[in-house]
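The structure file final_18.cif is reproduced below (mmCIF, C-alpha atoms and all ligand atoms).
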```
data_my_file
#
loop_
_atom_site.label_atom_id
_atom_site.label_comp_id
_atom_site.auth_asym_id
_atom_site.auth_seq_id
_atom_site.Cartn_x
_atom_site.Cartn_y
_atom_site.Cartn_z
CA MET I 414 -16.61 -0.75 -8.25
CA LYS I 415 -18.87 -1.22 -5.30
CA VAL I 416 -17.42 -3.63 -2.75
CA ALA I 417 -20.87 -4.99 -1.85
CA ASP I 418 -21.17 -8.71 -2.70
CA LYS I 419 -17.54 -8.90 -3.81
CA VAL I 420 -14.82 -11.36 -2.83
CA VAL I 421 -11.87 -9.38 -1.51
CA VAL I 422 -8.36 -10.48 -0.54
CA VAL I 423 -6.16 -8.24 1.61
CA THR I 424 -2.49 -8.81 2.43
CA GLY I 425 -1.00 -7.17 5.50
CA ALA I 426 -4.40 -7.76 7.12
CA ALA I 427 -3.17 -8.19 10.70
CA SER I 428 -2.38 -4.53 11.30
CA GLY I 429 -2.85 -0.91 10.35
CA ILE I 430 -4.13 -0.10 6.88
CA GLY I 431 -4.77 -3.72 5.84
CA LYS I 432 -6.77 -4.46 8.97
CA GLU I 433 -8.85 -1.32 8.59
CA LEU I 434 -9.56 -2.11 4.93
CA CYS I 435 -10.74 -5.62 5.87
CA LEU I 436 -13.19 -4.24 8.44
CA ARG I 437 -14.39 -1.51 6.10
CA PHE I 438 -14.92 -3.91 3.19
CA ALA I 439 -17.06 -6.11 5.47
CA LYS I 440 -19.09 -3.04 6.51
CA GLU I 441 -19.53 -2.13 2.84
CA GLY I 442 -21.21 -5.51 2.30
CA ALA I 443 -18.40 -7.63 0.84
CA ARG I 444 -19.44 -11.28 0.35
CA ALA I 445 -16.11 -12.53 1.65
CA VAL I 446 -12.96 -10.96 3.07
CA VAL I 447 -9.85 -13.12 2.89
CA CYS I 448 -7.48 -11.83 5.56
CA SER I 449 -3.84 -12.62 4.93
CA ASP I 450 -0.60 -11.78 6.71
CA ILE I 451 2.50 -13.47 8.15
CA ASP I 452 1.19 -12.63 11.62
CA GLU I 453 -1.20 -15.50 12.30
CA ALA I 454 -2.57 -14.31 15.64
CA GLY I 455 -3.09 -10.77 14.36
CA THR I 456 -4.88 -11.98 11.24
CA GLN I 457 -7.20 -14.11 13.33
CA VAL I 458 -8.03 -11.04 15.45
CA THR I 459 -8.97 -9.14 12.27
CA ALA I 460 -11.24 -12.01 11.17
CA ASP I 461 -12.79 -12.19 14.65
CA GLU I 462 -13.45 -8.44 14.61
CA ILE I 463 -15.16 -8.80 11.22
CA ALA I 464 -17.33 -11.61 12.62
CA ALA I 465 -18.23 -9.39 15.59
CA LEU I 466 -19.52 -6.70 13.20
CA GLY I 467 -22.42 -8.99 12.39
CA THR I 468 -22.29 -8.31 8.65
CA ASN I 469 -22.88 -10.98 6.02
CA ALA I 470 -19.18 -11.12 5.13
CA GLN I 471 -17.59 -14.53 5.34
CA THR I 472 -13.95 -14.56 6.38
CA LEU I 473 -11.02 -16.76 5.61
CA VAL I 474 -7.66 -16.48 7.36
CA LYS I 475 -4.74 -17.44 5.18
CA ILE I 476 -1.15 -17.04 6.31
CA CYS I 477 1.08 -15.90 3.48
CA ASN I 478 4.51 -14.37 3.20
CA VAL I 479 4.03 -12.11 0.19
CA ALA I 480 7.76 -12.26 -0.60
CA VAL I 481 7.40 -15.95 -1.51
CA GLU I 482 5.63 -16.53 -4.82
CA SER I 483 4.36 -20.04 -4.00
CA GLU I 484 2.65 -18.62 -0.89
CA VAL I 485 0.93 -15.87 -2.91
CA VAL I 486 -0.24 -18.52 -5.39
CA ALA I 487 -1.56 -20.61 -2.48
CA LEU I 488 -3.39 -17.54 -1.12
CA ALA I 489 -5.13 -16.91 -4.44
CA GLU I 490 -5.97 -20.60 -4.78
CA ALA I 491 -7.44 -20.73 -1.25
CA ALA I 492 -9.65 -17.71 -1.98
CA ILE I 493 -10.84 -19.08 -5.32
CA SER I 494 -11.47 -22.52 -3.91
CA ALA I 495 -13.53 -21.06 -1.04
CA TYR I 496 -15.48 -18.41 -2.98
CA GLY I 497 -15.13 -19.19 -6.69
CA GLN I 498 -13.28 -16.03 -7.71
CA ILE I 499 -11.41 -12.96 -6.52
CA ASP I 500 -13.04 -9.62 -7.40
CA LEU I 501 -10.63 -7.31 -5.58
CA PHE I 502 -7.07 -8.15 -4.57
CA CYS I 503 -5.42 -5.64 -2.23
CA SER I 504 -1.68 -6.11 -2.32
CA ASN I 505 -1.01 -4.08 0.79
CA ALA I 506 1.67 -5.71 2.98
CA GLY I 507 4.81 -3.61 3.08
CA ILE I 508 7.80 -2.71 5.21
CA PHE I 509 9.97 0.35 5.86
CA THR I 510 13.75 0.35 6.09
CA PRO I 511 15.59 3.54 7.03
CA GLY I 512 18.92 4.42 5.46
CA GLY I 513 20.54 5.14 2.14
CA GLU I 514 22.74 3.49 -0.43
CA ASN I 515 24.72 1.73 2.33
CA VAL I 516 21.77 -0.35 3.52
CA SER I 517 22.98 -3.96 3.16
CA ASN I 518 22.26 -5.91 0.00
CA ASP I 519 20.26 -8.42 2.05
CA GLU I 520 18.01 -5.65 3.35
CA TRP I 521 17.62 -4.11 -0.14
CA THR I 522 16.58 -7.55 -1.40
CA ARG I 523 14.16 -8.07 1.49
CA ILE I 524 12.34 -4.76 1.00
CA TRP I 525 12.37 -5.21 -2.80
CA ASP I 526 10.73 -8.63 -2.44
CA ILE I 527 8.02 -7.39 -0.05
CA ASN I 528 7.31 -3.93 -1.49
CA VAL I 529 7.67 -4.77 -5.19
CA MET I 530 7.83 -8.46 -6.09
CA ALA I 531 4.74 -9.18 -3.98
CA HIS I 532 2.68 -7.02 -6.39
CA ILE I 533 4.11 -8.92 -9.34
CA TYR I 534 3.40 -12.31 -7.72
CA ALA I 535 -0.17 -11.20 -6.92
CA SER I 536 -0.86 -10.07 -10.46
CA ARG I 537 0.49 -13.34 -11.88
CA ALA I 538 -1.70 -15.29 -9.46
CA VAL I 539 -4.96 -13.43 -9.99
CA LEU I 540 -4.91 -11.94 -13.50
CA PRO I 541 -5.58 -15.18 -15.42
CA GLY I 542 -8.93 -15.68 -13.65
CA MET I 543 -9.82 -11.99 -13.90
CA LEU I 544 -8.93 -11.80 -17.60
CA GLU I 545 -11.00 -14.91 -18.28
CA ARG I 546 -14.01 -13.23 -16.66
CA GLY I 547 -13.18 -9.87 -18.26
CA GLU I 548 -13.25 -8.12 -14.90
CA GLY I 549 -11.30 -7.73 -11.71
CA TYR I 550 -9.74 -5.06 -9.54
CA LEU I 551 -6.20 -4.71 -8.22
CA LEU I 552 -5.57 -2.24 -5.42
CA ASN I 553 -1.86 -1.98 -4.75
CA THR I 554 -0.60 -0.10 -1.72
CA ALA I 555 2.41 2.04 -2.57
CA SER I 556 2.89 5.38 -0.78
CA ALA I 557 3.24 9.09 -1.45
CA ALA I 558 6.94 8.14 -1.30
CA GLY I 559 6.38 6.37 -4.61
CA LEU I 560 5.23 9.61 -6.27
CA LEU I 561 7.51 12.07 -4.46
CA SER I 562 10.33 10.61 -2.36
CA GLN I 563 11.10 9.49 1.19
CA VAL I 564 13.46 11.66 3.18
CA GLY I 565 15.65 9.30 5.24
CA SER I 566 14.98 6.11 3.30
CA ALA I 567 16.29 5.25 -0.14
CA PRO I 568 14.95 1.67 -0.03
CA TYR I 569 11.44 2.89 0.73
CA ALA I 570 11.50 5.67 -1.90
CA VAL I 571 12.86 3.33 -4.56
CA THR I 572 10.60 0.34 -3.90
CA LYS I 573 7.48 2.49 -3.66
CA HIS I 574 8.35 4.19 -6.97
CA ALA I 575 8.67 0.72 -8.47
CA ALA I 576 5.29 -0.25 -6.99
CA VAL I 577 3.66 2.82 -8.60
CA GLY I 578 5.43 2.05 -11.89
CA PHE I 579 4.14 -1.50 -11.91
CA ALA I 580 0.58 -0.42 -11.09
CA GLU I 581 0.69 2.12 -13.96
CA TRP I 582 1.95 -0.59 -16.29
CA LEU I 583 -0.84 -2.97 -15.25
CA SER I 584 -3.46 -0.29 -15.85
CA ILE I 585 -2.04 0.59 -19.27
CA THR I 586 -1.71 -3.04 -20.34
CA TYR I 587 -4.94 -4.54 -19.02
CA GLY I 588 -7.28 -1.56 -18.74
CA HIS I 589 -8.96 -2.46 -22.03
CA SER I 590 -9.46 -6.06 -20.85
CA GLY I 591 -11.74 -5.14 -17.97
CA ILE I 592 -9.04 -4.94 -15.30
CA LYS I 593 -9.18 -1.94 -12.96
CA VAL I 594 -6.08 -0.86 -11.10
CA SER I 595 -5.68 1.67 -8.30
CA VAL I 596 -2.60 2.58 -6.33
CA LEU I 597 -2.88 3.75 -2.75
CA CYS I 598 -0.41 6.57 -2.01
CA PRO I 599 -0.85 7.98 1.50
CA GLN I 600 1.52 10.12 3.52
CA ALA I 601 1.61 9.31 7.23
CA VAL I 602 -1.12 7.10 8.68
CA LYS I 603 -1.30 6.07 12.36
CA THR I 604 -0.21 2.42 12.28
CA ALA I 605 2.54 0.22 13.72
CA MET I 606 4.78 1.41 10.88
CA THR I 607 4.64 5.01 12.12
CA ALA I 608 4.67 4.19 15.85
CA GLN I 609 7.90 6.25 16.21
CA GLY I 610 6.27 9.17 14.34
CA GLY I 611 5.83 9.54 10.61
CA GLY I 612 8.95 11.67 10.00
CA VAL I 613 8.69 14.12 7.15
CA ALA I 614 5.61 12.28 5.85
CA ALA I 615 3.75 13.47 8.97
CA LEU I 616 4.21 17.20 8.25
CA ASP I 617 0.70 17.33 6.78
CA GLY I 618 -0.66 15.36 9.76
CA MET I 619 -1.18 11.70 10.50
CA LEU I 620 -4.44 10.19 9.28
CA GLU I 621 -6.43 7.60 11.16
CA PRO I 622 -6.71 4.37 9.14
CA ALA I 623 -10.51 4.87 9.09
CA GLN I 624 -10.07 8.22 7.28
CA LEU I 625 -7.87 6.50 4.72
CA ALA I 626 -10.51 3.80 4.25
CA ASP I 627 -13.09 6.49 3.35
CA THR I 628 -10.86 7.66 0.50
CA VAL I 629 -10.25 4.08 -0.64
CA ILE I 630 -13.97 3.36 -0.86
CA GLU I 631 -14.66 6.62 -2.72
CA THR I 632 -11.84 6.03 -5.20
CA LEU I 633 -12.83 2.41 -5.83
CA ASP I 634 -16.40 3.61 -6.48
CA GLU I 635 -15.08 6.09 -9.03
CA GLU I 636 -12.53 3.60 -10.41
CA ARG I 637 -9.77 6.20 -10.42
CA PHE I 638 -6.13 5.18 -10.46
CA LEU I 639 -4.63 7.36 -7.74
CA VAL I 640 -5.91 6.89 -4.20
CA LEU I 641 -4.76 10.00 -2.34
CA PRO I 642 -5.94 10.12 1.28
CA HIS I 643 -3.78 13.26 1.65
CA PRO I 644 -4.96 15.55 -1.19
CA GLU I 645 -1.82 17.73 -0.77
CA VAL I 646 0.12 14.99 -2.53
CA LEU I 647 -1.43 15.98 -5.86
CA THR I 648 -0.14 19.54 -5.40
CA TYR I 649 3.35 18.22 -4.60
CA MET I 650 3.27 15.98 -7.69
CA ARG I 651 2.34 18.97 -9.83
CA ARG I 652 5.19 21.02 -8.34
CA LYS I 653 7.56 18.14 -9.06
CA THR I 654 6.59 17.78 -12.71
CA ASP I 655 6.32 21.54 -13.22
CA ASP I 656 9.93 22.29 -12.21
CA TYR I 657 11.95 19.26 -11.14
CA ASP I 658 15.04 21.26 -10.07
CA ARG I 659 13.02 23.64 -7.95
CA TRP I 660 11.23 20.69 -6.37
CA LEU I 661 14.56 18.96 -5.63
CA GLY I 662 15.79 22.18 -3.98
CA GLY I 663 12.74 22.21 -1.71
CA MET I 664 13.22 18.53 -0.88
CA ARG I 665 16.89 19.17 0.01
CA ARG I 666 15.79 21.82 2.50
CA LEU I 667 13.25 19.38 3.94
CA ASN I 668 15.98 16.73 4.14
CA ASP I 669 18.26 19.17 6.03
CA ARG I 670 15.48 20.01 8.47
CA PHE I 671 14.79 16.33 9.04
CA TYR I 672 18.44 15.46 9.77
CA GLU I 673 18.87 18.54 11.97
CA ALA I 674 15.85 17.48 14.07
CA TYR I 675 17.18 13.89 14.11
CA ARG I 676 20.64 15.02 15.34
CA LYS I 677 19.04 17.17 18.03
CA ARG I 678 16.95 14.24 19.26
CA GLU I 679 20.10 12.05 19.39
CA GLN I 680 21.97 14.76 21.36
CA ASP I 681 19.09 15.14 23.80
CA GLY I 682 19.16 11.34 24.22
CA GLU I 683 15.53 10.86 23.19
N1 LIG Q 701 1.49 3.90 7.82
C1 LIG Q 701 1.85 4.80 6.91
O1 LIG Q 701 2.10 5.97 7.23
C2 LIG Q 701 1.96 4.41 5.46
C3 LIG Q 701 2.09 5.43 4.51
C4 LIG Q 701 2.19 5.09 3.16
C5 LIG Q 701 2.15 3.77 2.78
N2 LIG Q 701 2.03 2.79 3.72
C6 LIG Q 701 2.01 1.41 3.26
O2 LIG Q 701 0.83 0.79 3.70
C7 LIG Q 701 1.03 -0.62 3.80
C8 LIG Q 701 0.55 -1.11 5.15
O3 LIG Q 701 1.35 -0.49 6.13
P1 LIG Q 701 0.82 -0.16 7.62
O4 LIG Q 701 1.13 1.24 7.88
O5 LIG Q 701 -0.54 -0.67 7.79
O6 LIG Q 701 1.88 -0.99 8.45
P2 LIG Q 701 1.73 -2.10 9.59
O7 LIG Q 701 3.12 -2.38 9.98
O8 LIG Q 701 0.74 -1.66 10.59
O9 LIG Q 701 1.12 -3.35 8.81
C9 LIG Q 701 1.85 -4.05 7.86
C10 LIG Q 701 1.41 -5.50 7.89
O10 LIG Q 701 2.12 -6.19 6.85
C11 LIG Q 701 2.52 -7.44 7.36
N3 LIG Q 701 3.68 -7.93 6.62
C12 LIG Q 701 4.96 -7.49 6.68
N4 LIG Q 701 5.74 -8.24 5.89
C13 LIG Q 701 4.95 -9.19 5.33
C14 LIG Q 701 5.17 -10.25 4.46
N5 LIG Q 701 6.40 -10.52 4.00
N6 LIG Q 701 4.12 -11.01 4.08
C15 LIG Q 701 2.89 -10.76 4.56
N7 LIG Q 701 2.60 -9.78 5.42
C16 LIG Q 701 3.63 -8.99 5.80
C17 LIG Q 701 2.85 -7.18 8.83
O11 LIG Q 701 2.81 -8.39 9.58
C18 LIG Q 701 1.76 -6.20 9.21
O12 LIG Q 701 0.62 -6.86 9.72
C19 LIG Q 701 2.51 -0.84 3.53
O13 LIG Q 701 2.70 -1.23 2.19
C20 LIG Q 701 3.12 0.53 3.78
O14 LIG Q 701 4.32 0.71 3.08
C21 LIG Q 701 1.93 3.09 5.04
#
```
Would it be possible to restate this file's structure as structure tokens?
Amino acid sequence: MKVADKVVVVTGAASGIGKELCLRFAKEGARAVVCSDIDEAGTQVTADEIAALGTNAQTLVKICNVAVESEVVALAEAAISAYGQIDLFCSNAGIFTPGGENVSNDEWTRIWDINVMAHIYASRAVLPGMLERGEGYLLNTASAAGLLSQVGSAPYAVTKHAAVGFAEWLSITYGHSGIKVSVLCPQAVKTAMTAQGGGVAALDGMLEPAQLADTVIETLDEERFLVLPHPEVLTYMRRKTDDYDRWLGGMRRLNDRFYEAYRKREQDGE
């Protein structure tokens, strides 16, 4: 799918990956970019920066907490009422929570709602219109953590796996009805989320959001499912499926290295 002349909605549009995608979609000639986030001031800045590009893209700022279904419905309705339809919905907002099984139930619920349920709410809100037209594109941001794992964070690893699983399911179920689905699975990208460093995910380097946007545009053009800004991730996936136990052994060593470095930083008082 070419983004030119399309109506695009992006959640998490105030910062990082979502913001960069909004700007890039405008540069690619999108007809309208609906910028959505819980951060009202930040979202307005994104819309203002799009306007300053001088492209033909119209912008709409819509505040929406993606963890609340009625707000996601209102976002889709606002976009459709302004521009008639949604061609591409980027369910991108997400959060990171460090820790393991002992993370509180409230925090597990919060990250589940934002990193997983938001994709489900978005699909419920936009699929009826897309299915009626026989076309539409869903780009869901997961993470390489959803294909591999996340050293240091069970909630992130688990919710991102669920996000990948749901995207696969959407593609399998609606692919023959004209619906395209892609899932964005980066390792570390320089955003507010990785301001303290990207941890293990940064071992292959931290990408600039603009580099990630290049891969997104290419993959949307080719209508492929996996969006892999870090190509190494495909190799790691192959290693995982080729010999799961060997892969787990390697991940344990990575985990040990991570916690050793973490303990050292704590001792040094950094
Ligand atoms: N930065 C990375 O290294 C990296 C790697 C892989 C995947 N991701 C994923 O990319 C997506 C974007 O992350 P980012 O790195 O740009 O982070 P970011 O923190 O820069 O931006 C996230 C945006 O989401 C918004 N947001 C948070 N909760 C929300 C909610 N409930 N409703 C609406 N908006 C909400 C925030 O206000 C923020 O503007 C996330 O899903 C993240 O998990 C990031």
Near Pro541 in chain I, within 12 Å and counting all atoms listed in the file, which residues show up once chain neighbours fewer than 2 positions away are dropped, as a ChimeraX atom specification?
/I:486,489-490,498-499,535-539,543-549,587,590,592
Take the residues from that selection and put them in a file with C-alpha atoms, as a JSON list (two decimals), in the coordinates of the input.
```json
[["chain", "number", "residue", "atom", "x", "y", "z"],
["I", 486, "VAL", "CA", -0.24, -18.52, -5.39],
["I", 489, "ALA", "CA", -5.13, -16.91, -4.44],
["I", 490, "GLU", "CA", -5.97, -20.60, -4.78],
["I", 498, "GLN", "CA", -13.28, -16.03, -7.71],
["I", 499, "ILE", "CA", -11.41, -12.96, -6.52],
["I", 535, "ALA", "CA", -0.17, -11.20, -6.92],
["I", 536, "SER", "CA", -0.86, -10.07, -10.46],
["I", 537, "ARG", "CA", 0.49, -13.34, -11.88],
["I", 538, "ALA", "CA", -1.70, -15.29, -9.46],
["I", 539, "VAL", "CA", -4.96, -13.43, -9.99],
["I", 543, "MET", "CA", -9.82, -11.99, -13.90],
["I", 544, "LEU", "CA", -8.93, -11.80, -17.60],
["I", 545, "GLU", "CA", -11.00, -14.91, -18.28],
["I", 546, "ARG", "CA", -14.01, -13.23, -16.66],
["I", 547, "GLY", "CA", -13.18, -9.87, -18.26],
["I", 548, "GLU", "CA", -13.25, -8.12, -14.90],
["I", 549, "GLY", "CA", -11.30, -7.73, -11.71],
["I", 587, "TYR", "CA", -4.94, -4.54, -19.02],
["I", 590, "SER", "CA", -9.46, -6.06, -20.85],
["I", 592, "ILE", "CA", -9.04, -4.94, -15.30]]
```
So how far away is CA of Tyr550 in chain I from CA of Gly588 in chain I, in Å?
10.1 Å
Write out as AutoDock Vina command-line options an axis-aligned box for ligand LIG 701 (chain Q): all of its atoms listed in the file, 8 Å added on each side, centre and edge lengths in Å with one decimal.
```
--center_x 2.9 --center_y -2.5 --center_z 6.4 --size_x 22.9 --size_y 33.0 --size_z 24.4
```
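Close contacts of Asp526 in chain I, defined as residues with an atom at most 10 Å away when counting all atoms listed in the file, with chain neighbours fewer than 4 positions off set aside, comprise Val479, Ala480, Val481, Glu482, Gly507, Glu520, Trp521, Thr522, Met530, Ala531, His532, Ile533, Tyr534 and Thr572 of chain I.
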Coordinates-based distance that separates CA of Ile451 in chain I from CA of Ile476 in chain I (Å, one decimal):
5.4 Å
Can you pull out every residue within 12 Å of Lys432 in chain I, counting all atoms listed in the file, but drop anything in the same chain fewer than 2 positions away, and send it as number ranges by chain?
I: 422-430, 434-439, 446-450, 452, 455-463, 503, 505-506, 604-605, 622-623, 625-626
Pick out the closest residue to Val602 in chain I from this set: I:Leu641, I:Leu466, I:Val529, I:Ala576. Count all atoms listed in the file.
I:Leu641
Can you tell me which residues surround Ala443 in chain I at a distance of at most 8 Å, considering all atoms listed in the file, apart from same-chain residues fewer than 4 positions away, and format the answer as a PyMOL selection string?
chain I and resi 416-421+438-439+469-470
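Checking I:Leu561, I:Leu639, I:Ile630, I:Leu620 one by one against Glu581 in chain I, counting all atoms listed in the file, you find the shortest gap at I:Leu639.
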Selected residue, from I:Leu661, I:Ile524, I:Ala464, I:Val596, that lies nearest to Ser584 in chain I when counting all atoms listed in the file
I:Val596
Please determine the residues with any atom at most 12 Å from (17.1, 5.7, 3.0) (coordinates as given in the file, with all atoms listed in the file counting) and report them as number ranges by chain.
I: 509-517, 520-521, 524, 558, 562-572, 668, 672
For the atom pair CA of Pro642 in chain I and CA of Pro599 in chain I, what is the interatomic distance in Å to one decimal place?
5.5 Å
Would you fill the gaps in range 533-543 of chain I so it has all heavy atoms, then print it as a JSON list (two decimals), in the frame of the given file?
```json
[["chain", "number", "residue", "atom", "x", "y", "z"],
["I", 533, "ILE", "N", 3.95, -8.16, -8.10],
["I", 533, "ILE", "CA", 4.11, -8.92, -9.34],
["I", 533, "ILE", "C", 3.56, -10.34, -9.15],
["I", 533, "ILE", "O", 2.80, -10.85, -9.98],
["I", 533, "ILE", "CB", 5.59, -8.89, -9.77],
["I", 533, "ILE", "CG1", 5.94, -7.44, -10.14],
["I", 533, "ILE", "CG2", 5.89, -9.86, -10.91],
["I", 533, "ILE", "CD1", 7.38, -7.07, -10.09],
["I", 534, "TYR", "N", 3.91, -10.96, -8.01],
["I", 534, "TYR", "CA", 3.40, -12.31, -7.72],
["I", 534, "TYR", "C", 1.87, -12.30, -7.68],
["I", 534, "TYR", "O", 1.22, -13.20, -8.20],
["I", 534, "TYR", "CB", 3.93, -12.83, -6.38],
["I", 534, "TYR", "CG", 5.43, -12.95, -6.29],
["I", 534, "TYR", "CD1", 6.08, -12.82, -5.05],
["I", 534, "TYR", "CD2", 6.22, -13.19, -7.41],
["I", 534, "TYR", "CE1", 7.46, -12.91, -4.94],
["I", 534, "TYR", "CE2", 7.61, -13.28, -7.31],
["I", 534, "TYR", "CZ", 8.22, -13.14, -6.08],
["I", 534, "TYR", "OH", 9.58, -13.23, -5.97],
["I", 535, "ALA", "N", 1.30, -11.26, -7.04],
["I", 535, "ALA", "CA", -0.17, -11.20, -6.92],
["I", 535, "ALA", "C", -0.81, -11.09, -8.30],
["I", 535, "ALA", "O", -1.79, -11.79, -8.60],
["I", 535, "ALA", "CB", -0.57, -10.01, -6.05],
["I", 536, "SER", "N", -0.24, -10.24, -9.14],
["I", 536, "SER", "CA", -0.86, -10.07, -10.46],
["I", 536, "SER", "C", -0.77, -11.36, -11.27],
["I", 536, "SER", "O", -1.73, -11.74, -11.94],
["I", 536, "SER", "CB", -0.22, -8.90, -11.21],
["I", 536, "SER", "OG", 1.12, -9.21, -11.52],
["I", 537, "ARG", "N", 0.37, -12.05, -11.16],
["I", 537, "ARG", "CA", 0.49, -13.34, -11.88],
["I", 537, "ARG", "C", -0.53, -14.35, -11.37],
["I", 537, "ARG", "O", -1.07, -15.13, -12.13],
["I", 537, "ARG", "CB", 1.87, -13.95, -11.63],
["I", 537, "ARG", "CG", 2.95, -13.41, -12.51],
["I", 537, "ARG", "CD", 4.19, -14.27, -12.25],
["I", 537, "ARG", "NE", 5.38, -13.60, -12.65],
["I", 537, "ARG", "CZ", 6.56, -13.72, -12.06],
["I", 537, "ARG", "NH1", 6.70, -14.49, -10.99],
["I", 537, "ARG", "NH2", 7.61, -13.09, -12.53],
["I", 538, "ALA", "N", -0.80, -14.30, -10.06],
["I", 538, "ALA", "CA", -1.70, -15.29, -9.46],
["I", 538, "ALA", "C", -3.16, -15.01, -9.79],
["I", 538, "ALA", "O", -3.94, -15.94, -9.96],
["I", 538, "ALA", "CB", -1.50, -15.33, -7.95],
["I", 539, "VAL", "N", -3.53, -13.72, -9.86],
["I", 539, "VAL", "CA", -4.96, -13.43, -9.99],
["I", 539, "VAL", "C", -5.40, -12.99, -11.38],
["I", 539, "VAL", "O", -6.58, -13.11, -11.73],
["I", 539, "VAL", "CB", -5.46, -12.39, -8.94],
["I", 539, "VAL", "CG1", -5.15, -12.87, -7.53],
["I", 539, "VAL", "CG2", -4.86, -11.01, -9.18],
["I", 540, "LEU", "N", -4.47, -12.47, -12.19],
["I", 540, "LEU", "CA", -4.91, -11.94, -13.50],
["I", 540, "LEU", "C", -5.52, -13.00, -14.43],
["I", 540, "LEU", "O", -6.51, -12.70, -15.11],
["I", 540, "LEU", "CB", -3.75, -11.22, -14.20],
["I", 540, "LEU", "CG", -3.58, -9.74, -13.81],
["I", 540, "LEU", "CD1", -2.31, -9.17, -14.45],
["I", 540, "LEU", "CD2", -4.80, -8.91, -14.21],
["I", 541, "PRO", "N", -4.96, -14.22, -14.48],
["I", 541, "PRO", "CA", -5.58, -15.18, -15.42],
["I", 541, "PRO", "C", -7.08, -15.34, -15.20],
["I", 541, "PRO", "O", -7.87, -15.26, -16.15],
["I", 541, "PRO", "CB", -4.81, -16.48, -15.16],
["I", 541, "PRO", "CG", -3.46, -16.00, -14.67],
["I", 541, "PRO", "CD", -3.76, -14.77, -13.86],
["I", 542, "GLY", "N", -7.50, -15.52, -13.95],
["I", 542, "GLY", "CA", -8.93, -15.68, -13.65],
["I", 542, "GLY", "C", -9.70, -14.42, -13.97],
["I", 542, "GLY", "O", -10.82, -14.46, -14.52],
["I", 543, "MET", "N", -9.13, -13.26, -13.64],
["I", 543, "MET", "CA", -9.82, -11.99, -13.90],
["I", 543, "MET", "C", -9.95, -11.75, -15.41],
["I", 543, "MET", "O", -11.01, -11.33, -15.89],
["I", 543, "MET", "CB", -9.05, -10.83, -13.25],
["I", 543, "MET", "CG", -9.12, -10.84, -11.73],
["I", 543, "MET", "SD", -8.20, -9.42, -11.05],
["I", 543, "MET", "CE", -8.58, -9.57, -9.30]]
```
